[in-house]
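Asks: Provided below: final-v8.cif, containing mmCIF, C-alpha atoms and all ligand atoms.
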data_target
#
loop_
_atom_site.label_atom_id
_atom_site.label_comp_id
_atom_site.auth_asym_id
_atom_site.auth_seq_id
_atom_site.Cartn_x
_atom_site.Cartn_y
_atom_site.Cartn_z
CA MET A 1 123.99 -122.16 139.10
CA ASN A 2 123.63 -118.55 139.91
CA ILE A 3 126.76 -117.81 141.92
CA VAL A 4 127.77 -114.34 143.00
CA VAL A 5 130.93 -113.39 144.87
CA GLN A 6 130.56 -110.51 147.31
CA LYS A 7 133.41 -108.79 149.13
CA TYR A 8 133.08 -106.63 152.22
CA GLY A 9 135.99 -104.42 153.24
CA GLY A 10 137.41 -103.76 156.69
CA THR A 11 135.19 -100.77 157.52
CA SER A 12 132.08 -102.69 156.49
CA VAL A 13 132.83 -105.43 159.04
CA GLY A 14 134.42 -103.06 161.57
CA SER A 15 132.05 -103.80 164.46
CA VAL A 16 129.50 -106.35 165.65
CA GLU A 17 126.68 -104.10 164.42
CA ARG A 18 128.27 -103.83 161.00
CA ILE A 19 128.89 -107.55 160.73
CA LYS A 20 125.20 -108.10 161.48
CA ASN A 21 124.29 -105.57 158.83
CA VAL A 22 126.50 -107.38 156.30
CA ALA A 23 124.86 -110.69 157.26
CA LYS A 24 121.42 -109.18 156.55
CA ARG A 25 122.53 -108.02 153.13
CA ILE A 26 123.94 -111.42 152.29
CA ILE A 27 120.67 -113.09 153.30
CA GLU A 28 118.68 -110.69 151.12
CA LYS A 29 120.87 -111.55 148.17
CA LYS A 30 120.48 -115.25 148.85
CA LYS A 31 116.70 -114.86 148.98
CA SER A 32 116.78 -113.29 145.54
CA GLY A 33 117.94 -116.67 144.22
CA HIS A 34 121.72 -116.61 144.39
CA GLN A 35 124.39 -118.92 145.70
CA ILE A 36 126.77 -116.73 147.59
CA VAL A 37 130.48 -116.73 148.21
CA VAL A 38 131.56 -113.93 150.51
CA VAL A 39 135.10 -112.64 150.90
CA VAL A 40 135.87 -110.42 153.87
CA SER A 41 138.77 -108.27 155.01
CA ALA A 42 139.97 -107.96 158.57
CA MET A 43 137.82 -105.84 160.90
CA GLY A 44 138.58 -102.10 160.80
CA LYS A 45 142.24 -101.39 161.42
CA THR A 46 143.11 -104.92 162.59
CA THR A 47 145.81 -105.45 159.97
CA ASP A 48 147.51 -102.15 160.85
CA ASP A 49 147.45 -103.16 164.53
CA LEU A 50 149.00 -106.53 163.74
CA VAL A 51 151.74 -104.91 161.66
CA LYS A 52 152.46 -102.59 164.54
CA LEU A 53 152.67 -105.48 167.00
CA ALA A 54 155.16 -107.26 164.76
CA TYR A 55 157.39 -104.19 164.48
CA ASP A 56 157.16 -103.58 168.23
CA ILE A 57 158.63 -107.03 168.73
CA SER A 58 161.23 -106.92 165.98
CA LYS A 59 162.84 -104.35 163.71
CA ALA A 60 162.68 -106.78 160.81
CA PRO A 61 160.03 -109.41 161.47
CA PRO A 62 160.62 -112.54 159.37
CA LYS A 63 158.20 -112.35 156.45
CA ARG A 64 156.98 -115.90 156.90
CA GLU A 65 155.90 -115.14 160.46
CA LEU A 66 154.49 -111.78 159.43
CA ASP A 67 152.24 -113.54 156.94
CA ARG A 68 151.14 -116.01 159.58
CA LEU A 69 150.25 -113.08 161.84
CA LEU A 70 148.55 -110.85 159.28
CA SER A 71 146.44 -113.70 157.95
CA THR A 72 144.73 -113.99 161.34
CA GLY A 73 142.87 -110.69 160.93
CA GLU A 74 140.66 -112.12 158.19
CA GLN A 75 140.15 -115.31 160.19
CA ILE A 76 138.42 -113.33 162.91
CA SER A 77 135.99 -111.67 160.53
CA ILE A 78 135.09 -114.84 158.57
CA SER A 79 134.20 -116.78 161.71
CA LEU A 80 132.19 -113.92 163.20
CA LEU A 81 130.28 -113.40 159.96
CA SER A 82 129.53 -117.10 159.74
CA MET A 83 128.24 -117.03 163.34
CA ALA A 84 126.08 -114.01 162.56
CA LEU A 85 124.52 -115.74 159.55
CA GLN A 86 123.87 -118.90 161.50
CA ALA A 87 122.34 -116.92 164.36
CA MET A 88 119.95 -115.47 161.78
CA GLY A 89 118.97 -118.97 160.77
CA HIS A 90 121.06 -119.43 157.63
CA ASP A 91 123.55 -122.16 157.01
CA ALA A 92 127.05 -120.80 156.47
CA ILE A 93 130.63 -122.04 156.61
CA SER A 94 133.87 -120.12 156.81
CA PHE A 95 137.17 -121.11 155.21
CA THR A 96 140.68 -119.70 155.35
CA GLY A 97 142.50 -119.09 152.06
CA PRO A 98 144.61 -122.25 152.42
CA GLN A 99 141.53 -124.32 153.25
CA VAL A 100 139.95 -123.53 149.90
CA GLY A 101 143.17 -124.10 148.02
CA ILE A 102 144.10 -120.55 147.10
CA ARG A 103 147.60 -121.42 145.91
CA THR A 104 150.13 -118.62 145.67
CA SER A 105 153.67 -118.11 144.50
CA GLY A 106 156.27 -115.44 145.04
CA ARG A 107 157.57 -113.70 148.11
CA HIS A 108 155.89 -113.62 151.49
CA THR A 109 153.73 -110.51 152.05
CA LYS A 110 153.58 -109.96 148.28
CA SER A 111 152.39 -113.29 146.98
CA ARG A 112 150.39 -113.77 143.83
CA ILE A 113 147.54 -116.19 143.22
CA GLU A 114 148.47 -119.15 141.01
CA GLY A 115 145.21 -121.03 141.13
CA ILE A 116 142.19 -121.95 143.22
CA ASP A 117 140.66 -125.36 143.76
CA THR A 118 136.91 -124.81 143.75
CA THR A 119 135.85 -128.27 144.96
CA LYS A 120 135.22 -127.38 148.58
CA ILE A 121 133.41 -124.17 147.72
CA LEU A 122 131.15 -125.83 145.17
CA ASP A 123 130.38 -128.70 147.54
CA ALA A 124 129.35 -126.30 150.28
CA LEU A 125 127.25 -124.23 147.86
CA ASN A 126 125.51 -127.39 146.73
CA GLU A 127 124.65 -128.10 150.34
CA ASP A 128 122.91 -124.71 150.26
CA LYS A 129 125.50 -123.07 152.49
CA ILE A 130 126.70 -119.51 152.30
CA VAL A 131 130.46 -119.78 151.81
CA ILE A 132 132.70 -117.27 153.53
CA VAL A 133 136.34 -117.07 152.50
CA ALA A 134 139.13 -115.13 154.19
CA GLY A 135 140.52 -112.52 151.83
CA PHE A 136 144.14 -111.48 151.42
CA GLN A 137 145.66 -114.94 151.91
CA GLY A 138 146.69 -118.19 150.35
CA VAL A 139 149.19 -120.98 150.71
CA ASN A 140 152.49 -121.47 148.91
CA GLU A 141 154.40 -124.49 147.64
CA ASN A 142 155.86 -125.06 151.14
CA ASP A 143 152.38 -125.15 152.68
CA ASP A 144 153.05 -121.83 154.38
CA VAL A 145 150.35 -119.18 154.74
CA THR A 146 151.00 -116.20 152.50
CA THR A 147 149.40 -112.78 152.02
CA LEU A 148 148.80 -110.89 148.81
CA GLY A 149 149.94 -107.39 149.74
CA ARG A 150 147.95 -104.71 151.56
CA GLY A 151 144.47 -104.29 150.16
CA GLY A 152 144.69 -107.79 148.68
CA SER A 153 141.19 -108.95 149.64
CA ASP A 154 139.86 -107.32 146.48
CA THR A 155 142.16 -109.57 144.52
CA SER A 156 141.00 -112.65 146.46
CA ALA A 157 137.39 -111.80 145.67
CA VAL A 158 137.92 -111.16 141.97
CA ALA A 159 140.07 -114.30 141.66
CA LEU A 160 137.28 -116.38 143.18
CA ALA A 161 134.74 -114.77 140.85
CA CYS A 162 137.01 -115.59 137.89
CA VAL A 163 137.35 -119.29 138.72
CA LEU A 164 133.66 -119.62 139.62
CA ASP A 165 132.69 -117.75 136.46
CA ALA A 166 130.55 -115.43 138.58
CA PRO A 167 130.17 -111.66 138.84
CA CYS A 168 131.98 -109.93 141.68
CA GLU A 169 130.46 -107.32 143.96
CA ILE A 170 132.85 -105.23 146.03
CA TYR A 171 131.07 -103.50 148.92
CA THR A 172 132.94 -100.69 150.54
CA ASP A 173 132.65 -97.39 152.39
CA VAL A 174 132.34 -95.32 149.20
CA GLU A 175 129.39 -95.22 146.82
CA GLY A 176 131.38 -96.29 143.78
CA ILE A 177 134.14 -95.02 141.53
CA TYR A 178 134.34 -91.29 140.98
CA GLY A 179 136.03 -89.48 138.13
CA VAL A 180 137.85 -87.41 140.75
CA ASP A 181 138.44 -88.16 144.41
CA PRO A 182 135.49 -86.39 146.11
CA ARG A 183 137.80 -85.33 148.92
CA LEU A 184 139.65 -83.20 146.39
CA TYR A 185 136.61 -82.12 144.40
CA PRO A 186 133.33 -82.41 146.30
CA GLN A 187 131.19 -81.96 143.17
CA ALA A 188 132.77 -85.07 141.61
CA LYS A 189 130.35 -87.32 139.76
CA LYS A 190 130.06 -91.00 140.40
CA LEU A 191 130.65 -93.12 137.29
CA ASP A 192 127.94 -95.61 136.29
CA THR A 193 130.45 -97.70 134.38
CA VAL A 194 134.15 -97.60 133.77
CA ASN A 195 136.18 -100.04 131.72
CA TYR A 196 139.06 -102.16 132.95
CA GLU A 197 141.75 -100.18 131.16
CA GLU A 198 140.65 -96.86 132.59
CA MET A 199 140.14 -98.30 136.04
CA LEU A 200 143.57 -99.87 135.95
CA GLU A 201 145.17 -96.57 135.04
CA MET A 202 143.23 -94.79 137.77
CA ALA A 203 143.89 -97.49 140.39
CA SER A 204 147.61 -97.51 139.78
CA LEU A 205 147.60 -93.72 139.72
CA GLY A 206 146.48 -93.88 143.30
CA ALA A 207 142.70 -93.53 143.14
CA GLY A 208 142.97 -96.03 145.99
CA VAL A 209 139.50 -97.54 145.82
CA MET A 210 140.63 -100.90 144.53
CA HIS A 211 143.68 -103.13 144.45
CA PRO A 212 145.09 -102.77 140.89
CA ARG A 213 145.77 -106.50 140.65
CA ALA A 214 142.07 -107.20 141.16
CA ILE A 215 141.26 -105.14 138.09
CA GLU A 216 143.99 -106.82 136.07
CA LEU A 217 142.46 -110.19 136.90
CA GLY A 218 138.93 -109.01 136.15
CA SER A 219 140.09 -107.80 132.77
CA LYS A 220 141.92 -111.04 131.99
CA TYR A 221 138.87 -113.18 132.73
CA ASN A 222 136.28 -110.60 131.69
CA THR A 223 134.67 -110.71 135.12
CA LYS A 224 132.18 -107.96 135.80
CA ILE A 225 132.96 -106.06 138.98
CA LEU A 226 130.46 -103.90 140.84
CA VAL A 227 131.81 -101.41 143.36
CA ALA A 228 129.11 -100.09 145.69
CA SER A 229 128.32 -98.96 149.21
CA SER A 230 127.94 -101.58 151.91
CA MET A 231 125.61 -99.29 153.87
CA LEU A 232 123.36 -97.62 151.33
CA ASP A 233 121.27 -99.20 148.61
CA LEU A 234 122.67 -97.31 145.64
CA PRO A 235 123.61 -98.50 142.17
CA GLY A 236 127.42 -98.13 142.47
CA THR A 237 129.84 -98.41 139.54
CA ILE A 238 130.29 -101.35 137.19
CA ILE A 239 133.79 -102.11 135.94
CA LYS A 240 133.60 -104.03 132.69
CA LYS A 241 134.94 -104.42 129.20
CA GLY A 242 134.13 -102.06 126.41
CA GLU A 243 134.76 -98.78 124.75
CA HIS A 244 133.00 -95.64 125.71
CA ASN A 245 130.29 -94.58 123.33
CA MET A 246 131.82 -92.51 120.59
CA GLU A 247 129.99 -89.32 121.47
CA GLY A 248 130.72 -89.71 125.13
CA GLN A 249 133.25 -88.10 127.36
CA SER A 250 136.84 -87.94 126.18
CA ILE A 251 138.05 -88.09 129.76
CA THR A 252 136.65 -90.44 132.37
CA GLY A 253 138.76 -89.53 135.33
CA LEU A 254 141.58 -87.59 136.83
CA ALA A 255 144.18 -88.63 139.34
CA ILE A 256 146.81 -86.80 141.27
CA ASP A 257 149.95 -88.21 142.86
CA ASN A 258 151.63 -86.11 145.49
CA ASP A 259 155.06 -86.22 146.99
CA GLU A 260 157.07 -86.73 143.88
CA THR A 261 160.46 -85.29 143.13
CA MET A 262 161.60 -84.46 139.64
CA ILE A 263 165.27 -84.79 138.82
CA THR A 264 166.79 -83.41 135.64
CA ILE A 265 170.29 -84.16 134.46
CA ARG A 266 171.67 -81.99 131.68
CA ASN A 267 174.61 -82.52 129.35
CA ILE A 268 174.87 -86.28 129.62
CA PRO A 269 177.14 -87.74 126.93
CA PHE A 270 174.90 -89.53 124.43
CA ASP A 271 175.84 -93.13 125.10
CA LEU A 272 173.38 -95.91 125.83
CA ASN A 273 175.76 -97.56 128.30
CA ILE A 274 175.94 -94.44 130.43
CA THR A 275 172.16 -94.05 130.57
CA SER A 276 171.43 -97.69 131.24
CA HIS A 277 174.15 -97.91 133.89
CA PHE A 278 172.69 -94.89 135.68
CA PHE A 279 169.18 -96.34 135.78
CA SER A 280 170.47 -99.75 136.89
CA GLN A 281 172.10 -98.06 139.84
CA LEU A 282 168.80 -96.46 140.81
CA ALA A 283 167.08 -99.82 140.41
CA ASN A 284 169.68 -101.52 142.60
CA LYS A 285 168.71 -99.13 145.38
CA SER A 286 165.05 -100.01 144.74
CA ILE A 287 164.27 -96.44 143.77
CA ASN A 288 160.91 -96.46 142.15
CA ILE A 289 161.20 -94.41 138.97
CA ASP A 290 157.91 -93.20 137.61
CA MET A 291 158.10 -90.89 134.59
CA ILE A 292 161.19 -90.66 132.40
CA SER A 293 161.80 -88.39 129.46
CA GLN A 294 164.92 -87.94 127.38
CA SER A 295 165.65 -85.17 124.93
CA ALA A 296 166.92 -85.86 121.42
CA PRO A 297 170.74 -85.78 121.23
CA ILE A 298 172.22 -82.41 120.33
CA ASP A 299 175.96 -82.24 119.62
CA GLY A 300 176.44 -85.58 121.35
CA PHE A 301 174.62 -84.65 124.56
CA ILE A 302 171.20 -85.41 126.00
CA ASN A 303 169.08 -84.25 128.95
CA ILE A 304 167.11 -86.68 131.04
CA SER A 305 164.30 -85.93 133.50
CA PHE A 306 162.68 -88.46 135.74
CA THR A 307 160.43 -88.54 138.78
CA ALA A 308 160.61 -90.67 141.91
CA PRO A 309 158.88 -90.66 145.29
CA THR A 310 160.31 -87.94 147.54
CA SER A 311 161.00 -90.62 150.15
CA ASP A 312 163.64 -92.04 147.78
CA LEU A 313 165.40 -88.71 147.29
CA GLU A 314 168.22 -89.25 149.80
CA ASP A 315 169.15 -92.56 148.18
CA ALA A 316 168.95 -90.98 144.74
CA LYS A 317 171.28 -88.18 145.79
CA ILE A 318 174.04 -90.67 146.63
CA ILE A 319 173.84 -92.16 143.15
CA LEU A 320 173.62 -88.72 141.56
CA SER A 321 176.79 -87.48 143.20
CA ALA A 322 178.69 -90.61 142.17
CA PHE A 323 177.40 -90.02 138.64
CA GLU A 324 178.53 -86.41 138.75
CA GLU A 325 181.99 -87.42 139.87
CA LYS A 326 182.29 -89.72 136.89
CA HIS A 327 180.88 -87.23 134.40
CA PRO A 328 181.87 -83.78 135.69
CA GLY A 329 180.27 -81.98 132.73
CA ILE A 330 176.71 -82.83 133.74
CA ARG A 331 174.31 -80.55 135.62
CA ILE A 332 171.75 -81.80 138.10
CA LEU A 333 168.53 -79.99 138.96
CA ILE A 334 166.22 -81.23 141.68
CA ASN A 335 162.59 -80.13 141.88
CA GLU A 336 161.01 -81.21 145.12
CA ASN A 337 157.34 -80.70 145.84
CA VAL A 338 155.94 -81.60 142.51
CA SER A 339 152.76 -83.54 141.78
CA LYS A 340 151.68 -85.66 138.88
CA LEU A 341 148.31 -84.79 137.42
CA SER A 342 146.85 -87.35 135.03
CA VAL A 343 143.72 -87.48 132.95
CA VAL A 344 142.49 -90.87 131.79
CA GLY A 345 139.92 -91.94 129.23
CA VAL A 346 139.53 -94.38 126.35
CA GLY A 347 137.64 -91.58 124.61
CA MET A 348 141.04 -90.10 123.83
CA ARG A 349 141.52 -92.78 121.19
CA SER A 350 138.65 -91.59 119.09
CA GLN A 351 138.66 -87.90 119.86
CA SER A 352 141.33 -85.46 118.89
CA GLY A 353 142.27 -82.31 120.72
CA VAL A 354 142.11 -83.72 124.24
CA ALA A 355 145.75 -82.95 125.00
CA ALA A 356 145.41 -79.50 123.48
CA LYS A 357 142.38 -78.73 125.64
CA PHE A 358 144.12 -80.01 128.77
CA PHE A 359 147.31 -78.02 128.16
CA GLN A 360 145.35 -74.90 127.26
CA LEU A 361 143.37 -74.97 130.47
CA LEU A 362 146.51 -75.37 132.56
CA SER A 363 148.15 -72.53 130.70
CA ASP A 364 145.04 -70.32 131.10
CA ASN A 365 145.45 -70.81 134.84
CA ASP A 366 149.18 -70.11 134.82
CA ILE A 367 149.99 -73.67 135.83
CA GLN A 368 153.37 -74.74 134.52
CA MET A 369 153.85 -78.22 133.13
CA LEU A 370 157.34 -79.34 134.04
CA MET A 371 157.19 -82.68 132.28
CA ILE A 372 154.65 -84.53 130.16
CA THR A 373 154.18 -88.20 129.35
CA THR A 374 151.32 -89.97 127.63
CA SER A 375 149.94 -93.41 126.98
CA GLU A 376 147.17 -94.25 124.56
CA ILE A 377 144.51 -93.45 127.14
CA ARG A 378 146.33 -91.16 129.58
CA ILE A 379 148.07 -87.81 129.68
CA SER A 380 150.21 -87.09 132.72
CA CYS A 381 152.04 -83.94 133.58
CA ILE A 382 154.21 -82.83 136.43
CA ILE A 383 153.10 -79.60 138.05
CA LYS A 384 154.24 -77.72 141.13
CA SER A 385 152.44 -79.00 144.20
CA LYS A 386 151.25 -75.52 145.08
CA ASP A 387 149.13 -75.54 141.90
CA ARG A 388 147.55 -78.88 142.73
CA GLU A 389 144.16 -77.77 143.98
CA LEU A 390 143.62 -75.26 141.23
CA ALA A 391 144.68 -77.79 138.60
CA VAL A 392 142.32 -80.46 139.92
CA THR A 393 139.35 -78.11 140.15
CA GLU A 394 139.85 -76.52 136.73
CA THR A 395 140.48 -79.84 134.99
CA ALA A 396 137.46 -81.44 136.64
CA LYS A 397 135.27 -78.50 135.59
CA ALA A 398 136.57 -78.41 132.02
CA PHE A 399 136.05 -82.13 131.44
CA ASP A 400 132.80 -82.32 133.40
CA LEU A 401 134.08 -84.95 135.82
N1 LIG A 501 143.28 -106.72 155.69
C1 LIG A 501 144.21 -106.51 154.62
C2 LIG A 501 144.73 -105.07 154.65
O1 LIG A 501 144.34 -104.32 155.51
C3 LIG A 501 143.66 -106.84 153.28
C4 LIG A 501 142.51 -105.99 152.80
O2 LIG A 501 141.90 -105.27 153.59
O3 LIG A 501 142.18 -106.04 151.61
O4 LIG A 501 145.53 -104.72 153.84
MG MG A 502 140.68 -102.20 150.31
#
Starting from the file, give its structure as structure tokens.
Replies:
Amino acid sequence: MNIVVQKYGGTSVGSVERIKNVAKRIIEKKKSGHQIVVVVSAMGKTTDDLVKLAYDISKAPPKRELDRLLSTGEQISISLLSMALQAMGHDAISFTGPQVGIRTSGRHTKSRIEGIDTTKILDALNEDKIVIVAGFQGVNENDDVTTLGRGGSDTSAVALACVLDAPCEIYTDVEGIYGVDPRLYPQAKKLDTVNYEEMLEMASLGAGVMHPRAIELGSKYNTKILVASSMLDLPGTIIKKGEHNMEGQSITGLAIDNDETMITIRNIPFDLNITSHFFSQLANKSINIDMISQSAPIDGFINISFTAPTSDLEDAKIILSAFEEKHPGIRILINENVSKLSVVGVGMRSQSGVAAKFFQLLSDNDIQMLMITTSEIRISCIIKSKDRELAVTETAKAFDL
């Protein structure tokens, strides 16, 4: 069998005209000798509208009912797409997530896929039908409809590709994956390929093109993922396994996260209990800590810096003042309006001097680095938000992104 899973996002099925256009593309693919499973998102801003409705009715809509509601968006687009295909003379059948046995676990609105029963899909494919599956949804152990978190249709599509042992094609309103967001750097180059690790770093750093969990799944099952335009016939970007060629670029992409706050606490007594207690308190308030760095102990004291979303600052302040009351010797410094600039690339593993080059170029442009963290394939630094544009442009130029 020659199965391919295609996914079309909300913009791509945002109107009757666009749904017809998607149907034409699916038919073309079928004619080239493929059996096709299509996953679609809700039309345009449907999901946002449904969320708004729920919150207009209730301040805290029950999550079970919210899932029931949100899952309807995708049910509109699957049935319309199936009608469009049938009107064009092709046999098609639409299924909801629960209908094709997309079993999930975990909390409502944030469920995770446990497994998929492929029987129904394979049967329909064998009857020469185009199979259309609602993205973003599944069913839990109580037989309740669940959703996978916003943007979750990507994950539905990749999960289906994994269990069907098929490649996955994600069609969207961008032409592929760029090393830098073209809205920040118009000269940005589209990547022909990018590997799972890099894509995962970039996706979770907020590149925003794809649901990070979809990439995690693709990597686990070694499923090739193509990201390409749903309007134009262009090659797109392939996400797959593999190292960069040794002579290639050291850096594949750059990402910037705005709206972070950096908090530094000086003169903390060097005691593991104190540090762990402090971070547990932040966790109890669901404050999402991003970077953390701790200085080596000097004379029994350490300094700790960490970053968190600015939206969590008020909650953090409450914990900070309680901490200060308990340990009056400490000093707290808060830096609002900072951004995290990250460069990502597996090339870093085999090439030396990447960090040096990155730091040098920031310093040449008088951009201060307030905090630095690294992983094997990423260097992140906190800079002042006012330096953001300059930092992005200069870094993109220097690394030819
Ligand atoms: N319709 C859902 C959302 O807007 C899922 C998706 O588009 O991937 O989040
Ligand atoms: Mg999306």
Asks: Write out as a tab-separated table the residues of chain A that have any atom within 10 Å of an atom of ligand LIG 501 (chain A), one row each with the nearest atom pair and its distance in Å to one decimal, counting only C-alpha atoms and all ligand atoms, sorted by chain and then rising number.
Replies:
residue	atom	partner	partner_atom	distance
A:Lys7	CA	A:LIG501	O3	9.5
A:Tyr8	CA	A:LIG501	O2	9.0
A:Gly9	CA	A:LIG501	O2	6.0
A:Gly10	CA	A:LIG501	O2	5.7
A:Thr11	CA	A:LIG501	O2	9.0
A:Val39	CA	A:LIG501	O3	9.7
A:Val40	CA	A:LIG501	O2	7.9
A:Ser41	CA	A:LIG501	O2	4.6
A:Ala42	CA	A:LIG501	N1	4.6
A:Met43	CA	A:LIG501	N1	7.6
A:Gly44	CA	A:LIG501	O1	8.1
A:Lys45	CA	A:LIG501	O1	6.9
A:Thr46	CA	A:LIG501	N1	7.1
A:Thr47	CA	A:LIG501	O1	4.8
A:Asp48	CA	A:LIG501	O1	6.6
A:Asp49	CA	A:LIG501	O1	9.6
A:Leu50	CA	A:LIG501	O1	9.7
A:Val51	CA	A:LIG501	O1	9.6
A:Leu70	CA	A:LIG501	N1	7.6
A:Ser71	CA	A:LIG501	N1	8.0
A:Thr72	CA	A:LIG501	N1	9.3
A:Gly73	CA	A:LIG501	N1	6.6
A:Glu74	CA	A:LIG501	N1	6.5
A:Ala134	CA	A:LIG501	C3	9.5
A:Gly135	CA	A:LIG501	C3	6.7
A:Phe136	CA	A:LIG501	C3	5.0
A:Gln137	CA	A:LIG501	C3	8.5
A:Thr147	CA	A:LIG501	C3	8.4
A:Leu148	CA	A:LIG501	C3	7.9
A:Gly149	CA	A:LIG501	O4	6.6
A:Arg150	CA	A:LIG501	O4	3.3
A:Gly151	CA	A:LIG501	O3	3.2
A:Gly152	CA	A:LIG501	O3	4.2
A:Ser153	CA	A:LIG501	O3	3.7
A:Asp154	CA	A:LIG501	O3	5.8
A:Thr155	CA	A:LIG501	O3	7.9
A:Ser156	CA	A:LIG501	O3	8.5
A:Ala157	CA	A:LIG501	O3	9.6
A:Met210	CA	A:LIG501	O3	8.9
A:His211	CA	A:LIG501	O3	7.9
Asks: In the coordinate frame of the file, compute which residues have an atom within 6 Å of (134.4, -101.7, 138.4) when using only C-alpha atoms, and state them as number ranges by chain.
Replies: A: 225-227, 237-239
Asks: May I ask for the distance between CA of Leu66 (chain A) and CA of Ile78 (chain A), given in Å to one decimal place?
Replies: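 Computed distance, CA of Leu66 (chain A) to CA of Ile78 (chain A), equals 19.7 Å.
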Asks: So, counting all atoms listed in the file, which residue among A:Asp290, A:Asp400, A:Glu198, A:Asp173 is closest to ligand MG 502 (chain A)?
Replies: A:Asp173
Asks: Looking at all atoms listed in the file, which of A:Ala87, A:Ile130, A:Ala214, A:Ile330 is the one that sits closest to ligand MG 502 (chain A)?
Replies: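 Distance minimum relative to ligand MG 502 (chain A) lands on A:Ala214.
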Asks: Select, from A:Lys340, A:Arg25, A:Lys52, A:Arg213, the residue with the minimum atom-to-atom distance to ligand MG 502 (chain A), counting only C-alpha atoms and all ligand atoms.
Replies: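 With only C-alpha atoms and all ligand atoms as the atom set, the closest residue is A:Arg213.
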Asks: Would you work out the distance separating CA of Thr118 (chain A) from CA of Pro167 (chain A), expressed in Å to one decimal?
Replies: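 CA of Thr118 (chain A) sits 15.6 Å away from CA of Pro167 (chain A).
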Asks: Between A:Val209, A:Leu53, A:Ile102, A:Ile121, which has the minimum distance to ligand MG 502 (chain A) (counting all atoms listed in the file)?
Replies: A:Val209
Asks: May I have the residues within 9 Å of Val392 (chain A) as a list in words, using all atoms listed in the file and disregarding those fewer than 3 positions away in the same chain?
Replies: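 Close residues of Val392 (chain A): Val180, Leu184, Tyr185, Leu254, Ala255, Ile256, Leu341, Asp387, Arg388, Glu389, Thr395, Ala396 and Lys397 of chain A.
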Asks: Counting all atoms listed in the file, which residue out of A:Ser286, A:Ser12, A:Glu127, A:Cys381 sits closest to ligand MG 502 (chain A)?
Replies: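 Answer, going by the shortest atom-to-atom distance: A:Ser12.
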Asks: Is there a way to get, as a PDB file with C-alpha atoms, in the frame of the given file, all residues within 7 Å of the point (135.8, -84.5, 132.1) in file coordinates, counting all atoms listed in the file?
Replies:
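The resulting file, point_20.pdb, is reproduced below:
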ATOM      1  CA  GLN A 249     133.250 -88.100 127.360  1.00  0.00           C
ATOM      2  CA  SER A 250     136.840 -87.940 126.180  1.00  0.00           C
ATOM      3  CA  ILE A 251     138.050 -88.090 129.760  1.00  0.00           C
ATOM      4  CA  THR A 252     136.650 -90.440 132.370  1.00  0.00           C
ATOM      5  CA  GLY A 253     138.760 -89.530 135.330  1.00  0.00           C
ATOM      6  CA  ALA A 396     137.460 -81.440 136.640  1.00  0.00           C
ATOM      7  CA  LYS A 397     135.270 -78.500 135.590  1.00  0.00           C
ATOM      8  CA  ALA A 398     136.570 -78.410 132.020  1.00  0.00           C
ATOM      9  CA  PHE A 399     136.050 -82.130 131.440  1.00  0.00           C
ATOM     10  CA  ASP A 400     132.800 -82.320 133.400  1.00  0.00           C
ATOM     11  CA  LEU A 401     134.080 -84.950 135.820  1.00  0.00           C
TER      12      LEU A 401
END
Asks: Neighbours of region 277-281 of chain A within 8 Å (only C-alpha atoms; same-chain residues fewer than 4 positions away dropped), as a PDB file with C-alpha atoms, keeping the file's coordinate frame?
Replies:
ATOM      1  CA  ASN A 273     175.760 -97.560 128.300  1.00  0.00           C
ATOM      2  CA  LYS A 285     168.710 -99.130 145.380  1.00  0.00           C
ATOM      3  CA  ILE A 319     173.840 -92.160 143.150  1.00  0.00           C
ATOM      4  CA  PHE A 323     177.400 -90.020 138.640  1.00  0.00           C
TER       5      PHE A 323
END
Asks: Residues within 8 Å of Asn195 (chain A), please, as an NGL selection string. Count only C-alpha atoms; anything in the same chain fewer than 2 positions from it doesn't count.
Replies: :A and (193 or 197-199 or 239-243)
Asks: Check the smallest atom-to-atom distance from each of A:Pro98, A:Gly179, A:Pro62, A:Pro269 to Arg331 (chain A) using only C-alpha atoms, then report the winner.
Replies: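 Going through A:Pro98, A:Gly179, A:Pro62, A:Pro269 one by one, the smallest distance to Arg331 (chain A) is for A:Pro269.
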Asks: Could you please determine the separation between CA of Ile26 (chain A) and CA of Lys129 (chain A) in Å, to one decimal place?
Replies: 11.8 Å
Asks: Box for region 108-124 of chain A - axis-aligned, 8 Å on each of the six sides, all listed atoms - centre and size in Å to one decimal, as AutoDock Vina command-line options.
Replies:
--center_x 142.6 --center_y -119.3 --center_z 146.5 --size_x 42.5 --size_y 34.7 --size_z 27.0
Asks: Within 10 Å of Val5 (chain A), counting all atoms listed in the file, which residues qualify if same-chain residues fewer than 6 places away don't, as a PyMOL selection string?
Replies: chain A and resi 34-39+131-132+157-162+164-170+225
Asks: Residues at most 7 Å from Tyr178 (chain A), counting all atoms listed in the file, excluding those fewer than 2 positions away in the same chain, as an mmCIF file with C-alpha atoms, in the coordinates of the input?
Replies:
data_model
loop_
_atom_site.group_PDB
_atom_site.id
_atom_site.type_symbol
_atom_site.label_atom_id
_atom_site.label_comp_id
_atom_site.auth_asym_id
_atom_site.auth_seq_id
_atom_site.Cartn_x
_atom_site.Cartn_y
_atom_site.Cartn_z
ATOM 1 C CA GLY A 176 131.380 -96.290 143.780
ATOM 2 C CA VAL A 180 137.850 -87.410 140.750
ATOM 3 C CA ASP A 181 138.440 -88.160 144.410
ATOM 4 C CA ALA A 188 132.770 -85.070 141.610
ATOM 5 C CA LYS A 189 130.350 -87.320 139.760
ATOM 6 C CA LYS A 190 130.060 -91.000 140.400
ATOM 7 C CA LEU A 191 130.650 -93.120 137.290
#
